[in-house]
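**Student:** Here you go, one structure.
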Amino acid sequence: ANAEVAPRIGLPRLPVVNWPESSAEHEHEDQWFGLHWKTRTLVKWAGGRSFIWVDDEITDADRDWVSMHHHGQALLHQVDSSQGLDDADFTALDAWLRAR
C-alpha cells in the first residue's frame, strides 16, 4: 500500500500492521463467526482510529465484526483478486478519505 496506493491518492507513508501468531482460541472463534484471520488484529491495531482495509477476502461477517467492535470509522473495501486494484477502487478509496 505504501508503494502503490498512497502515492496514487496523495497519502504519506502509512503505518504497517505486524501480524501476531494466531492462537487456537482465536482460530476457533474466527471459524465460528466466519471471520477473516486479519479482522480481529486490524480492529485491535486501529484502536478506535479510522482505517481502510483493502482485501479480496472480506465478507459480511468481517463487516459486522468491525461494526460491532470498532468505535472509529472503517472502510472494508473488497477487490477482485483476478483484477487487482483498478481505477474504480482508487476512486472509492479517495472518496472515502475525502469524506472524512
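In the C-alpha cells, chains take letters A, B, ... by order of appearance, with residues numbered from 1 within each chain and ligands from 1 in the order shown.
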Near Gly48 (chain A), counting only C-alpha atoms, which residues have an atom at most 12 Å away, once you skip same-chain residues fewer than 4 positions from it, shown as a list in words?
**Tutor:**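 Counting only the stated atoms, we get Leu42, Val43, Lys44, Val66, Ser67, Met68, His69, His70, His71, Gly72, Gln73 and Ala74 of chain A.
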**Student:** Run DSSP on the backbone and give me the residues of chain A it puts in strand (DSSP E or B), as number ranges by chain.
**Tutor:** A: 51-55, 74-78
**Student:** Give me the residues within 10 Å of region 22-24 of chain A as a PyMOL selection string, counting only C-alpha atoms and dropping any in the same chain fewer than 5 places off.
**Tutor:** chain A and resi 29-30+37-38+41
**Student:** For the residues selected in the previous step, produce a file with N, CA and C atoms as a PDB file, in the first residue's frame.
**Tutor:**
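Printed below is out.pdb as written:
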```pdb
ATOM      1  N   GLU A  29     -12.757 -19.225  17.281  1.00  0.00           N
ATOM      2  CA  GLU A  29     -13.774 -18.172  17.247  1.00  0.00           C
ATOM      3  C   GLU A  29     -13.912 -17.590  15.842  1.00  0.00           C
ATOM      4  N   ASP A  30     -12.792 -17.373  15.159  1.00  0.00           N
ATOM      5  CA  ASP A  30     -12.849 -16.836  13.801  1.00  0.00           C
ATOM      6  C   ASP A  30     -13.631 -17.770  12.881  1.00  0.00           C
ATOM      7  N   TRP A  37      -8.881 -14.114   9.076  1.00  0.00           N
ATOM      8  CA  TRP A  37      -7.869 -14.174  10.134  1.00  0.00           C
ATOM      9  C   TRP A  37      -7.285 -12.802  10.455  1.00  0.00           C
ATOM     10  N   LYS A  38      -7.453 -11.804   9.598  1.00  0.00           N
ATOM     11  CA  LYS A  38      -6.907 -10.471   9.845  1.00  0.00           C
ATOM     12  C   LYS A  38      -7.846  -9.560  10.638  1.00  0.00           C
ATOM     13  N   THR A  41      -7.209  -8.606  14.476  1.00  0.00           N
ATOM     14  CA  THR A  41      -5.951  -7.863  14.639  1.00  0.00           C
ATOM     15  C   THR A  41      -6.083  -6.441  14.118  1.00  0.00           C
TER      16      THR A  41
END
```
**Student:** Give me the residues near Leu75 (chain A) as a PyMOL selection string, where near means some atom within 9 Å (using only C-alpha atoms) and where sequence neighbours in that chain fewer than 4 positions away do not count.
**Tutor:** chain A and resi 50-54+63+93+96
**Student:** Quick one: DSSP alpha helix (DSSP H) residues in chain A, as a VMD selection string?
**Tutor:** chain A and resid 5 to 9 24 to 33 39 to 46 60 to 69 87 to 98
**Student:** For the residues in that selection, give me N, CA and C atoms as a compact mmCIF listing (two decimals), in the first residue's frame.
**Tutor:**
```
# COMPACT_ATOMS: atom_id res chain seq x y z
N VAL A 5 -0.44 2.34 -3.42
CA VAL A 5 -1.70 3.05 -3.18
C VAL A 5 -1.47 4.49 -2.72
N ALA A 6 -0.69 4.67 -1.67
CA ALA A 6 -0.52 6.00 -1.09
C ALA A 6 -0.08 7.06 -2.10
N PRO A 7 0.93 6.81 -2.92
CA PRO A 7 1.33 7.84 -3.88
C PRO A 7 0.24 8.18 -4.90
N ARG A 8 -0.56 7.21 -5.27
CA ARG A 8 -1.60 7.45 -6.28
C ARG A 8 -2.73 8.32 -5.77
N ILE A 9 -2.97 8.29 -4.46
CA ILE A 9 -4.06 9.11 -3.93
C ILE A 9 -3.56 10.19 -2.98
N ALA A 24 -5.06 -20.71 19.20
CA ALA A 24 -6.08 -21.73 18.91
C ALA A 24 -7.46 -21.20 19.26
N GLU A 25 -7.57 -20.45 20.35
CA GLU A 25 -8.86 -19.89 20.75
C GLU A 25 -9.39 -18.93 19.68
N HIS A 26 -8.55 -18.03 19.20
CA HIS A 26 -8.99 -17.08 18.18
C HIS A 26 -9.30 -17.78 16.87
N GLU A 27 -8.52 -18.76 16.50
CA GLU A 27 -8.80 -19.51 15.27
C GLU A 27 -10.17 -20.16 15.35
N HIS A 28 -10.49 -20.75 16.50
CA HIS A 28 -11.79 -21.40 16.68
C HIS A 28 -12.91 -20.36 16.59
N GLU A 29 -12.76 -19.23 17.28
CA GLU A 29 -13.77 -18.17 17.25
C GLU A 29 -13.91 -17.59 15.84
N ASP A 30 -12.79 -17.37 15.16
CA ASP A 30 -12.85 -16.84 13.80
C ASP A 30 -13.63 -17.77 12.88
N GLN A 31 -13.40 -19.07 13.01
CA GLN A 31 -14.15 -20.04 12.20
C GLN A 31 -15.63 -20.01 12.57
N TRP A 32 -15.90 -19.92 13.84
CA TRP A 32 -17.29 -19.90 14.31
C TRP A 32 -18.04 -18.69 13.74
N PHE A 33 -17.41 -17.51 13.79
CA PHE A 33 -18.06 -16.29 13.31
C PHE A 33 -17.88 -16.07 11.81
N THR A 39 -9.13 -9.86 10.66
CA THR A 39 -10.14 -8.93 11.18
C THR A 39 -9.87 -8.49 12.60
N ARG A 40 -9.73 -9.44 13.49
CA ARG A 40 -9.54 -9.15 14.91
C ARG A 40 -8.29 -8.27 15.15
N THR A 41 -7.21 -8.61 14.48
CA THR A 41 -5.95 -7.86 14.64
C THR A 41 -6.08 -6.44 14.12
N LEU A 42 -6.75 -6.26 12.98
CA LEU A 42 -6.91 -4.92 12.43
C LEU A 42 -7.72 -4.02 13.35
N VAL A 43 -8.79 -4.56 13.91
CA VAL A 43 -9.61 -3.77 14.84
C VAL A 43 -8.81 -3.40 16.08
N LYS A 44 -8.08 -4.34 16.61
CA LYS A 44 -7.26 -4.06 17.80
C LYS A 44 -6.18 -3.04 17.47
N TRP A 45 -5.50 -3.22 16.35
CA TRP A 45 -4.41 -2.34 15.94
C TRP A 45 -4.91 -0.92 15.71
N ALA A 46 -6.09 -0.78 15.11
CA ALA A 46 -6.64 0.55 14.83
C ALA A 46 -6.96 1.30 16.12
N ASP A 60 -19.23 -10.27 4.74
CA ASP A 60 -20.19 -9.57 5.59
C ASP A 60 -19.91 -9.84 7.06
N ALA A 61 -19.41 -11.03 7.39
CA ALA A 61 -19.07 -11.34 8.78
C ALA A 61 -17.97 -10.39 9.28
N ASP A 62 -17.00 -10.10 8.44
CA ASP A 62 -15.94 -9.16 8.82
C ASP A 62 -16.51 -7.76 9.02
N ARG A 63 -17.37 -7.34 8.11
CA ARG A 63 -18.00 -6.01 8.23
C ARG A 63 -18.82 -5.91 9.51
N ASP A 64 -19.58 -6.95 9.82
CA ASP A 64 -20.37 -6.95 11.05
C ASP A 64 -19.47 -6.88 12.28
N TRP A 65 -18.39 -7.66 12.27
CA TRP A 65 -17.47 -7.68 13.42
C TRP A 65 -16.86 -6.30 13.64
N VAL A 66 -16.40 -5.70 12.56
CA VAL A 66 -15.79 -4.37 12.66
C VAL A 66 -16.82 -3.37 13.16
N SER A 67 -18.02 -3.43 12.65
CA SER A 67 -19.08 -2.52 13.06
C SER A 67 -19.38 -2.64 14.56
N MET A 68 -19.35 -3.85 15.07
CA MET A 68 -19.67 -4.08 16.48
C MET A 68 -18.49 -3.83 17.42
N HIS A 69 -17.26 -3.98 16.94
CA HIS A 69 -16.10 -3.94 17.84
C HIS A 69 -15.16 -2.76 17.61
N ASP A 87 -8.95 1.49 -11.31
CA ASP A 87 -9.31 2.90 -11.13
C ASP A 87 -10.55 3.07 -10.26
N ALA A 88 -11.52 2.20 -10.40
CA ALA A 88 -12.74 2.30 -9.59
C ALA A 88 -12.43 2.12 -8.11
N ASP A 89 -11.50 1.22 -7.79
CA ASP A 89 -11.10 1.03 -6.40
C ASP A 89 -10.43 2.28 -5.85
N PHE A 90 -9.51 2.85 -6.63
CA PHE A 90 -8.83 4.06 -6.18
C PHE A 90 -9.82 5.21 -6.01
N THR A 91 -10.81 5.28 -6.87
CA THR A 91 -11.84 6.31 -6.75
C THR A 91 -12.62 6.13 -5.46
N ALA A 92 -12.99 4.90 -5.14
CA ALA A 92 -13.74 4.63 -3.91
C ALA A 92 -12.91 4.96 -2.66
N LEU A 93 -11.64 4.59 -2.67
CA LEU A 93 -10.77 4.90 -1.53
C LEU A 93 -10.60 6.41 -1.38
N ASP A 94 -10.38 7.09 -2.47
CA ASP A 94 -10.22 8.55 -2.46
C ASP A 94 -11.49 9.23 -1.94
N ALA A 95 -12.65 8.80 -2.39
CA ALA A 95 -13.91 9.39 -1.96
C ALA A 95 -14.12 9.20 -0.46
N TRP A 96 -13.81 8.01 0.04
CA TRP A 96 -13.97 7.74 1.47
C TRP A 96 -13.05 8.63 2.30
N LEU A 97 -11.82 8.75 1.85
CA LEU A 97 -10.85 9.58 2.57
C LEU A 97 -11.25 11.06 2.55
N ARG A 98 -11.71 11.54 1.43
CA ARG A 98 -12.10 12.95 1.31
C ARG A 98 -13.35 13.27 2.14
```
**Student:** For the atom pair CA of His36 (chain A) and CA of Glu57 (chain A), what is the interatomic distance in Å to one decimal place?
**Tutor:** 7.2 Å
**Student:** With only C-alpha atoms as the atoms that count, which of A:Gly34, A:Trp19, A:Ala99, A:Glu4 lies nearest to Gly84 (chain A)?
**Tutor:** A:Glu4
